[in-house]
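Data file: query_36.cif. Format and content: mmCIF, C-alpha atoms.
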```cif
data_model
#
loop_
_atom_site.label_atom_id
_atom_site.label_comp_id
_atom_site.auth_asym_id
_atom_site.auth_seq_id
_atom_site.Cartn_x
_atom_site.Cartn_y
_atom_site.Cartn_z
CA MET A 16 84.72 80.42 68.08
CA PHE A 17 85.35 83.53 65.99
CA LYS A 18 86.17 85.55 69.09
CA HIS A 19 88.72 82.97 70.25
CA ILE A 20 90.43 83.01 66.85
CA VAL A 21 90.58 86.79 66.87
CA VAL A 22 92.12 86.86 70.35
CA ALA A 23 94.79 84.37 69.31
CA VAL A 24 95.67 86.39 66.22
CA LEU A 25 95.88 89.65 68.15
CA LEU A 26 98.07 88.12 70.85
CA SER A 27 100.46 86.76 68.24
CA LEU A 28 100.76 90.23 66.70
CA TRP A 29 101.02 92.23 69.93
CA ILE A 30 104.81 92.48 69.95
CA ALA A 31 104.74 94.08 66.51
CA ASN A 32 102.70 96.95 67.92
CA VAL A 33 105.29 98.01 70.50
CA SER A 34 107.00 101.16 69.33
CA GLN A 35 109.39 103.62 70.90
CA ALA A 36 108.00 106.53 68.85
CA ALA A 37 105.10 108.52 70.27
CA PRO A 38 101.96 108.05 68.16
CA LYS A 39 100.86 110.97 65.96
CA ILE A 40 97.52 112.38 67.08
CA GLU A 41 95.29 114.07 64.49
CA HIS A 42 92.30 116.24 65.37
CA TRP A 43 89.24 117.66 63.60
CA LYS A 44 85.54 118.26 64.09
CA THR A 45 82.63 116.66 62.28
CA SER A 46 79.93 118.63 60.50
CA ASN A 47 77.75 118.77 63.62
CA GLY A 48 80.49 119.68 66.09
CA LEU A 49 81.76 116.34 67.42
CA SER A 50 85.45 116.67 68.26
CA VAL A 51 87.58 113.82 66.88
CA TYR A 52 91.03 112.56 67.88
CA TYR A 53 92.59 109.86 65.71
CA VAL A 54 95.76 107.76 65.69
CA SER A 55 96.68 105.45 62.83
CA ALA A 56 97.88 102.08 64.14
CA PRO A 57 98.10 99.78 61.11
CA SER A 58 100.16 96.97 62.64
CA LEU A 59 97.14 95.20 64.16
CA PRO A 60 93.87 94.43 62.32
CA MET A 61 91.74 96.10 64.96
CA LEU A 62 90.02 99.35 65.84
CA ASP A 63 89.38 100.92 69.24
CA MET A 64 86.80 103.69 69.59
CA GLU A 65 85.76 105.67 72.63
CA LEU A 66 83.00 108.25 72.65
CA VAL A 67 83.40 110.54 75.66
CA PHE A 68 80.95 113.11 76.99
CA ALA A 69 81.26 115.80 79.64
CA GLY A 70 79.01 113.96 82.06
CA GLY A 71 79.86 111.85 85.07
CA SER A 72 78.79 112.31 88.65
CA VAL A 73 79.57 116.06 88.62
CA ARG A 74 76.46 116.44 86.42
CA ASP A 75 74.18 114.34 88.63
CA GLY A 76 72.86 117.24 90.67
CA ALA A 77 70.13 116.16 93.07
CA LYS A 78 69.83 112.79 91.29
CA SER A 79 73.06 111.27 92.55
CA GLY A 80 73.83 108.06 90.66
CA VAL A 81 71.94 108.96 87.47
CA SER A 82 75.09 109.10 85.31
CA LEU A 83 76.12 105.63 86.50
CA LEU A 84 72.70 104.10 85.83
CA THR A 85 72.47 105.78 82.43
CA ALA A 86 75.76 104.23 81.33
CA ALA A 87 74.76 100.83 82.73
CA LEU A 88 71.49 100.77 80.75
CA LEU A 89 72.80 101.83 77.33
CA ASN A 90 73.29 98.29 75.98
CA LYS A 91 70.19 96.80 77.62
CA GLY A 92 68.06 97.56 74.59
CA ALA A 93 68.53 99.75 71.51
CA ASP A 94 66.64 100.42 68.29
CA GLY A 95 64.45 97.33 68.68
CA LEU A 96 67.20 95.01 69.92
CA THR A 97 66.99 93.41 73.35
CA ALA A 98 69.94 93.25 75.73
CA ASP A 99 70.60 89.63 74.68
CA GLN A 100 70.47 90.52 71.01
CA VAL A 101 72.90 93.39 71.50
CA ALA A 102 75.32 91.12 73.37
CA GLU A 103 75.04 88.37 70.75
CA ALA A 104 75.60 90.82 67.90
CA PHE A 105 78.91 91.93 69.41
CA GLU A 106 79.93 88.40 70.41
CA ASP A 107 79.27 86.98 66.94
CA VAL A 108 81.94 89.20 65.38
CA GLY A 109 84.41 89.18 68.25
CA ALA A 110 83.71 92.78 69.24
CA THR A 111 83.61 94.09 72.78
CA PHE A 112 81.44 96.91 74.13
CA SER A 113 81.69 98.88 77.34
CA ALA A 114 80.09 101.93 78.87
CA SER A 115 81.15 103.72 82.03
CA SER A 116 80.79 106.88 84.03
CA ASN A 117 83.26 108.40 86.49
CA MET A 118 83.60 111.78 88.15
CA GLU A 119 83.70 113.93 85.01
CA ARG A 120 83.24 111.64 82.02
CA SER A 121 80.62 109.32 80.56
CA SER A 122 82.07 106.97 77.95
CA ILE A 123 80.97 104.40 75.38
CA SER A 124 83.65 102.15 73.86
CA LEU A 125 84.00 99.61 71.08
CA ARG A 126 86.81 97.27 70.11
CA THR A 127 86.50 95.41 66.84
CA VAL A 128 88.64 93.72 64.22
CA THR A 129 88.93 95.66 60.95
CA PHE A 130 87.89 92.83 58.64
CA VAL A 131 85.23 94.51 56.52
CA GLU A 132 82.14 92.43 57.29
CA GLU A 133 82.87 91.97 60.98
CA MET A 134 83.74 95.62 61.56
CA GLU A 135 80.63 96.85 59.75
CA SER A 136 78.40 94.54 61.77
CA ALA A 137 79.99 95.69 65.05
CA LEU A 138 79.68 99.35 64.05
CA GLN A 139 76.03 99.03 63.13
CA THR A 140 75.21 97.51 66.52
CA TRP A 141 77.35 100.07 68.36
CA LEU A 142 75.71 103.00 66.58
CA LYS A 143 72.29 101.71 67.60
CA VAL A 144 73.40 101.61 71.23
CA VAL A 145 74.98 105.06 70.97
CA GLY A 146 72.11 106.75 69.16
CA LYS A 147 68.95 104.88 70.10
CA PRO A 148 69.13 103.38 73.59
CA GLU A 149 65.72 102.40 74.94
CA PHE A 150 66.27 102.03 78.71
CA PRO A 151 63.80 99.13 79.13
CA GLU A 152 61.81 99.25 82.36
CA GLN A 153 62.55 95.68 83.44
CA ASP A 154 66.29 96.07 82.92
CA PHE A 155 66.12 99.40 84.73
CA LYS A 156 64.49 97.81 87.78
CA ARG A 157 67.09 95.04 87.79
CA THR A 158 69.94 97.54 87.54
CA LYS A 159 68.49 99.62 90.37
CA LYS A 160 68.45 96.54 92.58
CA GLN A 161 72.07 95.84 91.69
CA ALA A 162 73.00 99.43 92.50
CA LEU A 163 71.31 99.19 95.90
CA ILE A 164 73.09 95.90 96.61
CA GLY A 165 76.34 97.63 95.65
CA LEU A 166 75.66 100.43 98.13
CA GLN A 167 75.09 97.89 100.89
CA ALA A 168 78.33 96.14 99.94
CA GLN A 169 80.21 99.45 100.17
CA LYS A 170 79.07 99.80 103.77
CA GLN A 171 80.98 96.60 104.55
CA LYS A 172 84.23 97.84 103.01
CA PRO A 173 86.31 100.22 105.12
CA GLY A 174 88.18 101.37 102.01
CA SER A 175 84.95 102.48 100.32
CA ILE A 176 83.75 104.21 103.48
CA ALA A 177 87.08 106.02 103.81
CA GLU A 178 87.08 107.15 100.17
CA LYS A 179 83.57 108.61 100.37
CA ALA A 180 84.34 110.35 103.65
CA PHE A 181 87.55 111.78 102.21
CA TYR A 182 85.88 113.35 99.17
CA LYS A 183 83.04 114.73 101.27
CA ALA A 184 85.42 116.26 103.81
CA LEU A 185 87.70 117.67 101.11
CA TYR A 186 85.09 119.05 98.71
CA GLY A 187 82.00 119.58 100.84
CA ASP A 188 79.06 120.61 98.64
CA HIS A 189 81.18 120.91 95.47
CA PRO A 190 80.18 118.33 92.80
CA TYR A 191 83.50 116.52 93.33
CA GLY A 192 82.31 115.65 96.82
CA VAL A 193 79.26 113.72 95.60
CA SER A 194 79.58 109.93 95.29
CA GLY A 195 78.91 108.68 91.77
CA SER A 196 77.25 105.54 93.10
CA GLY A 197 74.40 107.58 94.58
CA THR A 198 72.56 106.99 97.82
CA GLU A 199 69.74 104.65 98.74
CA ALA A 200 67.32 107.58 98.62
CA THR A 201 68.40 108.85 95.19
CA ILE A 202 68.58 105.38 93.62
CA ASN A 203 65.17 104.40 94.96
CA ALA A 204 63.69 107.64 93.61
CA MET A 205 65.29 107.23 90.16
CA THR A 206 63.02 106.69 87.15
CA VAL A 207 63.54 105.81 83.49
CA PRO A 208 62.62 109.39 82.46
CA ASP A 209 65.51 110.59 84.65
CA LEU A 210 67.95 108.47 82.64
CA LYS A 211 66.47 109.54 79.33
CA ALA A 212 66.70 113.20 80.33
CA TYR A 213 70.35 112.77 81.35
CA TYR A 214 71.15 111.00 78.08
CA GLN A 215 69.39 113.63 75.97
CA GLN A 216 71.20 116.49 77.69
CA TYR A 217 74.74 115.17 77.84
CA TYR A 218 75.12 112.46 75.17
CA VAL A 219 75.20 115.00 72.33
CA ALA A 220 77.76 115.93 69.67
CA LYS A 221 78.83 119.34 70.94
CA ASN A 222 79.34 117.91 74.43
CA GLY A 223 81.41 114.98 73.26
CA MET A 224 84.64 113.81 71.68
CA LEU A 225 85.47 110.68 69.73
CA ALA A 226 88.82 108.91 70.06
CA MET A 227 89.85 106.35 67.44
CA VAL A 228 92.97 104.19 67.29
CA GLY A 229 93.45 101.44 64.77
CA ALA A 230 94.06 100.06 61.31
CA ILE A 231 92.01 102.57 59.36
CA ASP A 232 93.39 105.50 57.35
CA ARG A 233 92.49 109.17 57.77
CA LYS A 234 89.82 109.11 55.06
CA GLN A 235 88.13 106.07 56.61
CA ALA A 236 88.36 107.72 60.03
CA GLU A 237 86.64 110.86 58.74
CA VAL A 238 83.81 108.86 57.20
CA LEU A 239 83.39 106.82 60.36
CA ALA A 240 83.42 109.93 62.58
CA GLU A 241 80.60 111.42 60.49
CA ARG A 242 78.59 108.23 60.90
CA VAL A 243 79.00 108.42 64.65
CA SER A 244 78.14 112.11 64.87
CA LYS A 245 75.00 111.69 62.77
CA VAL A 246 73.38 109.36 65.31
CA LEU A 247 73.81 112.04 67.98
CA LYS A 248 71.77 115.16 68.47
CA VAL A 249 73.81 118.36 68.09
CA GLY A 250 72.99 119.64 71.58
CA THR A 251 75.14 122.07 73.56
CA LYS A 252 78.35 121.84 75.57
CA ALA A 253 77.88 121.30 79.29
CA ALA A 254 78.65 124.18 81.64
CA ALA A 255 82.11 124.21 83.21
CA VAL A 256 82.58 122.50 86.55
CA PRO A 257 82.71 125.10 89.37
CA GLU A 258 86.12 126.10 90.69
CA VAL A 259 87.40 124.33 93.79
CA LYS A 260 88.19 126.22 96.98
CA PRO A 261 91.36 125.10 98.83
CA LEU A 262 91.28 124.03 102.47
CA THR A 263 91.98 126.70 105.06
CA GLN A 264 92.57 124.40 108.02
CA SER A 265 93.17 120.77 108.90
CA LYS A 266 90.33 118.36 109.64
CA THR A 267 90.26 114.82 111.05
CA VAL A 268 87.34 112.42 110.70
CA ARG A 269 87.31 109.05 112.47
CA VAL A 270 84.75 106.38 111.58
CA ASP A 271 84.43 103.30 113.78
CA PHE A 272 84.42 100.01 111.90
CA PRO A 273 84.75 96.41 113.19
CA SER A 274 88.04 95.58 111.50
CA SER A 275 91.52 94.57 112.60
CA GLN A 276 93.03 97.14 110.24
CA SER A 277 92.36 100.82 109.72
CA HIS A 278 92.19 102.57 106.34
CA VAL A 279 93.70 106.03 106.27
CA TYR A 280 93.44 108.85 103.74
CA ILE A 281 95.41 112.06 104.23
CA GLY A 282 95.19 114.79 101.64
CA GLN A 283 94.31 118.16 100.24
CA ILE A 284 93.35 119.93 97.02
CA GLY A 285 95.96 119.09 94.36
CA ASN A 286 96.26 120.10 90.70
CA LYS A 287 94.28 120.03 87.45
CA ARG A 288 94.82 118.97 83.87
CA GLY A 289 97.08 121.41 82.04
CA ASP A 290 98.47 122.72 85.34
CA ALA A 291 101.81 124.55 84.99
CA ASP A 292 103.20 122.51 87.91
CA TYR A 293 101.92 119.16 86.61
CA TYR A 294 105.30 117.66 85.66
CA SER A 295 107.15 118.96 88.73
CA LEU A 296 104.49 117.54 91.05
CA TYR A 297 104.38 114.26 89.12
CA LEU A 298 108.14 113.75 89.38
CA GLY A 299 108.29 114.80 93.03
CA ASN A 300 105.45 112.53 94.02
CA HIS A 301 107.15 109.60 92.30
CA VAL A 302 109.97 110.06 94.81
CA LEU A 303 107.64 110.57 97.75
CA GLY A 304 104.95 107.93 97.30
CA GLY A 305 104.32 107.06 93.67
CA GLY A 306 107.37 104.94 92.93
CA GLY A 307 106.38 101.72 94.69
CA PHE A 308 109.14 100.15 96.76
CA THR A 309 111.59 102.91 95.81
CA SER A 310 109.43 105.67 97.31
CA ARG A 311 110.24 107.32 100.62
CA LEU A 312 106.89 106.52 102.17
CA MET A 313 107.28 102.83 101.39
CA LYS A 314 110.84 102.75 102.73
CA GLU A 315 110.04 104.59 105.97
CA VAL A 316 106.58 103.26 106.81
CA ARG A 317 106.75 99.67 105.58
CA VAL A 318 110.36 98.58 104.99
CA LYS A 319 112.05 100.18 108.00
CA ARG A 320 109.22 99.99 110.54
CA GLY A 321 106.76 97.38 109.25
CA LEU A 322 103.81 99.64 110.07
CA SER A 323 101.86 99.11 106.87
CA TYR A 324 101.72 96.66 103.99
CA SER A 325 100.56 99.35 101.58
CA VAL A 326 101.39 103.06 101.60
CA TYR A 327 101.31 105.43 98.63
CA SER A 328 100.55 108.95 97.40
CA TYR A 329 99.28 110.40 94.14
CA PHE A 330 97.84 113.48 92.46
CA MET A 331 94.57 112.93 90.59
CA PRO A 332 94.16 115.98 88.32
CA GLN A 333 90.69 116.77 86.96
CA GLY A 334 89.15 119.61 84.97
CA GLN A 335 89.32 121.60 88.19
CA LEU A 336 91.66 120.97 91.13
CA GLY A 337 91.58 117.26 91.90
CA PRO A 338 92.76 115.65 95.14
CA TYR A 339 96.25 114.92 96.39
CA ILE A 340 96.03 111.70 98.40
CA LEU A 341 98.35 109.89 100.76
CA GLY A 342 96.88 106.51 101.70
CA LEU A 343 97.77 103.54 103.87
CA GLN A 344 96.31 100.54 105.64
CA THR A 345 97.67 99.47 109.00
CA LYS A 346 96.89 97.27 112.00
CA ASN A 347 94.89 99.14 114.60
CA LYS A 348 97.67 98.86 117.16
CA ASN A 349 100.03 100.63 114.74
CA LEU A 350 97.58 103.31 113.62
CA ASP A 351 98.88 106.34 115.50
CA GLU A 352 102.52 105.58 114.79
CA ALA A 353 101.87 104.90 111.10
CA ILE A 354 100.07 108.23 110.68
CA LYS A 355 102.81 110.03 112.62
CA VAL A 356 105.60 108.57 110.48
CA ALA A 357 103.73 109.23 107.22
CA ARG A 358 103.16 112.85 108.20
CA GLU A 359 106.81 113.28 109.21
CA VAL A 360 107.96 111.91 105.85
CA LEU A 361 105.61 114.27 104.01
CA ILE A 362 106.66 117.32 106.05
CA ASP A 363 110.35 116.53 105.61
CA PHE A 364 109.88 116.09 101.86
CA VAL A 365 108.05 119.41 101.48
CA GLU A 366 110.69 121.24 103.54
CA LYS A 367 113.84 119.68 102.07
CA GLY A 368 112.74 118.06 98.84
CA PRO A 369 114.21 115.01 97.12
CA SER A 370 117.90 114.30 96.76
CA ASP A 371 119.67 114.53 93.42
CA GLU A 372 119.98 110.76 93.35
CA GLU A 373 116.27 110.28 94.02
CA ILE A 374 115.45 112.67 91.17
CA LYS A 375 117.78 110.79 88.84
CA GLN A 376 116.32 107.38 89.71
CA SER A 377 112.73 108.58 89.38
CA LYS A 378 113.42 110.18 86.01
CA GLN A 379 114.90 106.89 84.76
CA SER A 380 111.91 104.93 86.07
CA ILE A 381 109.31 107.29 84.59
CA THR A 382 110.86 107.84 81.17
CA GLY A 383 112.10 104.26 80.86
CA GLY A 384 108.62 102.85 81.42
CA PHE A 385 106.69 105.41 79.40
CA PRO A 386 107.04 103.71 75.96
CA LEU A 387 105.41 100.58 77.37
CA ARG A 388 102.48 102.68 78.55
CA THR A 389 101.77 103.62 74.92
CA ALA A 390 102.57 100.23 73.41
CA SER A 391 99.02 99.02 72.74
CA ASN A 392 95.90 100.44 71.17
CA ALA A 393 94.14 100.26 74.53
CA ASN A 394 96.92 102.33 76.15
CA ILE A 395 96.93 104.89 73.35
CA ILE A 396 93.17 105.41 73.26
CA SER A 397 93.14 105.92 77.02
CA TYR A 398 95.69 108.70 76.61
CA ILE A 399 94.09 110.41 73.63
CA SER A 400 90.67 110.31 75.32
CA MET A 401 92.24 112.19 78.22
CA ILE A 402 94.08 114.58 75.88
CA GLY A 403 90.96 115.31 73.86
CA PHE A 404 88.60 115.65 76.81
CA TYR A 405 90.82 118.11 78.67
CA GLY A 406 92.07 119.94 75.58
CA LEU A 407 95.76 119.13 76.12
CA SER A 408 98.48 119.47 73.50
CA LEU A 409 98.41 117.01 70.59
CA ASN A 410 102.12 116.54 71.32
CA TYR A 411 101.48 115.49 74.93
CA LEU A 412 102.80 111.95 74.44
CA GLU A 413 105.84 113.15 72.53
CA GLU A 414 106.63 115.86 75.06
CA PHE A 415 106.04 113.88 78.27
CA SER A 416 109.46 112.25 78.71
CA PRO A 417 111.50 115.29 77.58
CA LYS A 418 109.62 117.54 80.01
CA ILE A 419 110.33 115.11 82.86
CA GLU A 420 114.00 114.90 81.87
CA LYS A 421 114.42 118.70 81.82
CA LEU A 422 113.13 119.22 85.35
CA SER A 423 115.61 120.25 88.02
CA ARG A 424 115.55 119.34 91.68
CA GLU A 425 114.95 123.01 92.47
CA GLN A 426 111.79 123.09 90.35
CA VAL A 427 110.38 120.08 92.19
CA VAL A 428 111.20 121.59 95.59
CA ASP A 429 109.59 124.90 94.60
CA ALA A 430 106.40 123.26 93.32
CA PHE A 431 105.91 121.16 96.46
CA LYS A 432 106.54 124.09 98.79
CA ARG A 433 103.95 126.18 96.95
CA ARG A 434 101.33 123.49 96.35
CA VAL A 435 101.47 121.04 99.29
CA GLN A 436 100.51 122.22 102.77
CA PRO A 437 100.87 119.48 105.41
CA ASP A 438 99.28 121.70 108.08
CA LYS A 439 96.03 122.06 106.09
CA MET A 440 95.01 118.52 105.25
CA VAL A 441 92.03 116.26 105.69
CA THR A 442 92.70 113.01 107.56
CA ILE A 443 90.17 110.18 107.36
CA VAL A 444 90.51 107.06 109.54
CA VAL A 445 88.11 104.15 109.16
CA GLY A 446 88.52 101.18 111.52
CA GLY A 447 89.54 100.51 115.07
CA LYS A 448 86.62 100.16 117.41
CA LYS A 449 83.99 97.49 117.12
CA LYS A 450 80.40 98.60 116.87
CA SER A 451 78.31 97.64 119.92
#
```

Can the structure in the file be given as structure tokens, please?
Amino acid sequence: MFKHIVVAVLLSLWIANVSQAAPKIEHWKTSNGLSVYYVSAPSLPMLDMELVFAGGSVRDGAKSGVSLLTAALLNKGADGLTADQVAEAFEDVGATFSASSNMERSSISLRTVTFVEEMESALQTWLKVVGKPEFPEQDFKRTKKQALIGLQAQKQKPGSIAEKAFYKALYGDHPYGVSGSGTEATINAMTVPDLKAYYQQYYVAKNGMLAMVGAIDRKQAEVLAERVSKVLKVGTKAAAVPEVKPLTQSKTVRVDFPSSQSHVYIGQIGNKRGDADYYSLYLGNHVLGGGGFTSRLMKEVRVKRGLSYSVYSYFMPQGQLGPYILGLQTKNKNLDEAIKVAREVLIDFVEKGPSDEEIKQSKQSITGGFPLRTASNANIISYISMIGFYGLSLNYLEEFSPKIEKLSREQVVDAFKRRVQPDKMVTIVVGGKKKS
């Protein structure tokens, strides 16, 4: 009941939280080295917290999938509480908990109202999960089974097969090429001590950062940050992810799959967080394939020729050079033509660039929609977690739209010519032939 009341209150107040001004981000470190990023958002009686560690699948090593299982087990038992007791403790005060692990980051989040008793109860439970997870054997076995079922399910999804094949072909033995979901062999071999070792190495203060957004003042935020840091061991910062080597030649991989449609990924090494060309590539790609129905790829591949329902492109910057991906799904009979047209659009864009009108429209779309992308606590904490983790400017949100506005067509053309090489790309095709 309490949770339902809270949701109703927050929904009624949501409009009041929408602001055109970029939120002010404040930064400091706790006494044991935990980096903190904080935004005051007093208009809603709620607090969002996200504790982020340099972990993720790039730290899995030979135990592929260990970061994912570690995150999944955090709330299954902590400091004497069972999984049910942890869940009930959060539910009773309308709080929500989540833990996740992706390529580079392992995260633990909390959302709670800021009413004194409810917030304190939620925090106490959250700090137990953060600082004293127990990784119960029975829950571990159950989670392993679920992970193995998930791997089997991925084998039935051409999109999942294509994504894994793309990263492997693009990155080879680099940690970015390793699937975070693991393999049947690594998951079967996983043990509770493996999860505990991963947690003890990476879930430590000097390897983490805490993002906070909500209706608490700076003094309260500092006290709370110290409470969080004290349940963590000091530890050490994880080693940097190895540099990525660019492709030197094109490569095509075709995987047979019994489907009426084929999934296609075309791409190369892209950019990284803090990259000097970030804004130019972002704006240019909005014209090419990131602007939905206004993008060139959508107009040429779907609207004019009806070759694909979905076609898109995007840069996915990481700590090191992340991928640049052009993706589409198409009927098998249209496969060759769809790939041909998509490549032609890409080559033409790299050679000639966008028109002045396309630049103008994309700038309006990007800058016009940006305030809405920072209109809620959930949006803001997502941004400041990224800013803090990658060490970007505290003025990133304030500077984003002006930097997009200042870009010229010539800067976009120059960036794409230097950074995008259509003749040195990986192409992955999954679908087409039926297995005998």

Residue members of the PyMOL selection byres ((chain A and resi 101-113) around 8) in the file shown, as a PyMOL selection string: chain A and resi 17-19+21+90-93+96-100+114-115+123-128+133-134+136-137+140-141

Selected residue of minimal separation from Lys39 in chain A among A:Phe130, A:Tyr52, A:Tyr297, A:Phe330, counting only C-alpha atoms: A:Tyr52

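Taking all atoms listed in the file into account, Val279 in chain A lies nearest to A:Leu343 out of the set A:Met118, A:Leu343, A:Leu89, A:Leu138.
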
Expected residue set, 7 Å radius at (98.0, 100.5, 109.5), all atoms listed in the file, as a PyMOL selection string: chain A and resi 276-278+322-323+343-347+349-350+353

Within 12 Å of range 204-206 of chain A using all atoms listed in the file, minus same-chain residues under 4 positions, as a VMD selection string: chain A and resid 75 77 to 85 150 to 156 158 to 160 162 to 163 197 to 200 210 to 213

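Using all atoms listed in the file, the protein and nucleic acid residues lying no more than 12 Å from Glu372 in chain A, apart from those fewer than 5 places from it along its own chain, are A:Val302, A:Thr309, A:Ser377, A:Lys378, A:Gln379, A:Ser423, A:Arg424.
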
Residues matched by the PyMOL selection byres ((chain A and resi 436) around 12), written as an MDAnalysis selection string: chainID A and resid 261:265 281:285 339 358 361:366 430:435 437:441

Residues near Thr267 in chain A, cut-off 8 Å, all atoms listed in the file, skip fewer than 6 positions along chain, as a ChimeraX atom specification: /A:441-444

Result set of the PyMOL selection byres ((chain A and resi 288-291) around 6) on the coordinates above, as a VMD selection string: chain A and resid 287 292 to 293 332 to 334

Distance in Å - CA of Ala357 in chain A versus CA of Gly337 in chain A: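 About the pair CA of Ala357 in chain A and CA of Gly337 in chain A: they are 21.1 Å apart.
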
Expected answer as a ChimeraX atom specification: all residues with atoms within 8 Å of (94.7, 109.5, 98.9), only C-alpha atoms: /A:280-282,327-329,338-342

Best match for closeness to Leu66 in chain A among A:Val193, A:Met224, A:Val268, A:Val428, counting all atoms listed in the file: A:Met224

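Relative to CA of Met313 in chain A, CA of Asp351 in chain A is found at 16.8 Å.
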
Point-to-point distance in Å for CA of Pro386 in chain A and CA of Ser416 in chain A: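 According to the coordinates, CA of Ser416 in chain A and CA of Pro386 in chain A are separated by 9.3 Å.
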
Among the residues A:Val145, A:Leu88, A:Val270, A:Ala236, the one that comes closest to Pro173 in chain A [using only C-alpha atoms]: A:Val270

Which residue of A:Val326, A:Ala390, A:Ala180, A:Met64 approaches Ile231 in chain A most closely, using only C-alpha atoms: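 Smallest distance to Ile231 in chain A is found for A:Met64.
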
9 Å contact set for Asn47 in chain A, only C-alpha atoms, chain neighbours under 4 positions out, as a count of residues only: 8

Excluding same-chain residues fewer than 3 positions from His189 in chain A, what lies within 12 Å of it counting only C-alpha atoms, as a PDB file with C-alpha atoms, in the frame of the given file?
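around_1.pdb was written with the following content:
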```pdb
ATOM      1  CA  SER A  72      78.790 112.310  88.650  1.00  0.00           C
ATOM      2  CA  VAL A  73      79.570 116.060  88.620  1.00  0.00           C
ATOM      3  CA  ARG A  74      76.460 116.440  86.420  1.00  0.00           C
ATOM      4  CA  ASP A  75      74.180 114.340  88.630  1.00  0.00           C
ATOM      5  CA  GLY A  76      72.860 117.240  90.670  1.00  0.00           C
ATOM      6  CA  MET A 118      83.600 111.780  88.150  1.00  0.00           C
ATOM      7  CA  TYR A 182      85.880 113.350  99.170  1.00  0.00           C
ATOM      8  CA  LYS A 183      83.040 114.730 101.270  1.00  0.00           C
ATOM      9  CA  ALA A 184      85.420 116.260 103.810  1.00  0.00           C
ATOM     10  CA  LEU A 185      87.700 117.670 101.110  1.00  0.00           C
ATOM     11  CA  TYR A 186      85.090 119.050  98.710  1.00  0.00           C
ATOM     12  CA  GLY A 192      82.310 115.650  96.820  1.00  0.00           C
ATOM     13  CA  VAL A 193      79.260 113.720  95.600  1.00  0.00           C
ATOM     14  CA  SER A 194      79.580 109.930  95.290  1.00  0.00           C
ATOM     15  CA  VAL A 256      82.580 122.500  86.550  1.00  0.00           C
ATOM     16  CA  PRO A 257      82.710 125.100  89.370  1.00  0.00           C
ATOM     17  CA  GLU A 258      86.120 126.100  90.690  1.00  0.00           C
ATOM     18  CA  VAL A 259      87.400 124.330  93.790  1.00  0.00           C
ATOM     19  CA  LYS A 260      88.190 126.220  96.980  1.00  0.00           C
ATOM     20  CA  PRO A 261      91.360 125.100  98.830  1.00  0.00           C
ATOM     21  CA  GLN A 335      89.320 121.600  88.190  1.00  0.00           C
ATOM     22  CA  LEU A 336      91.660 120.970  91.130  1.00  0.00           C
ATOM     23  CA  GLY A 337      91.580 117.260  91.900  1.00  0.00           C
TER      24      GLY A 337
END
```

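If you measure from each of A:Ser50, A:Arg269, A:Ala87, A:Gly195 to Gly71 in chain A using only C-alpha atoms, the closest one turns out to be A:Gly195.
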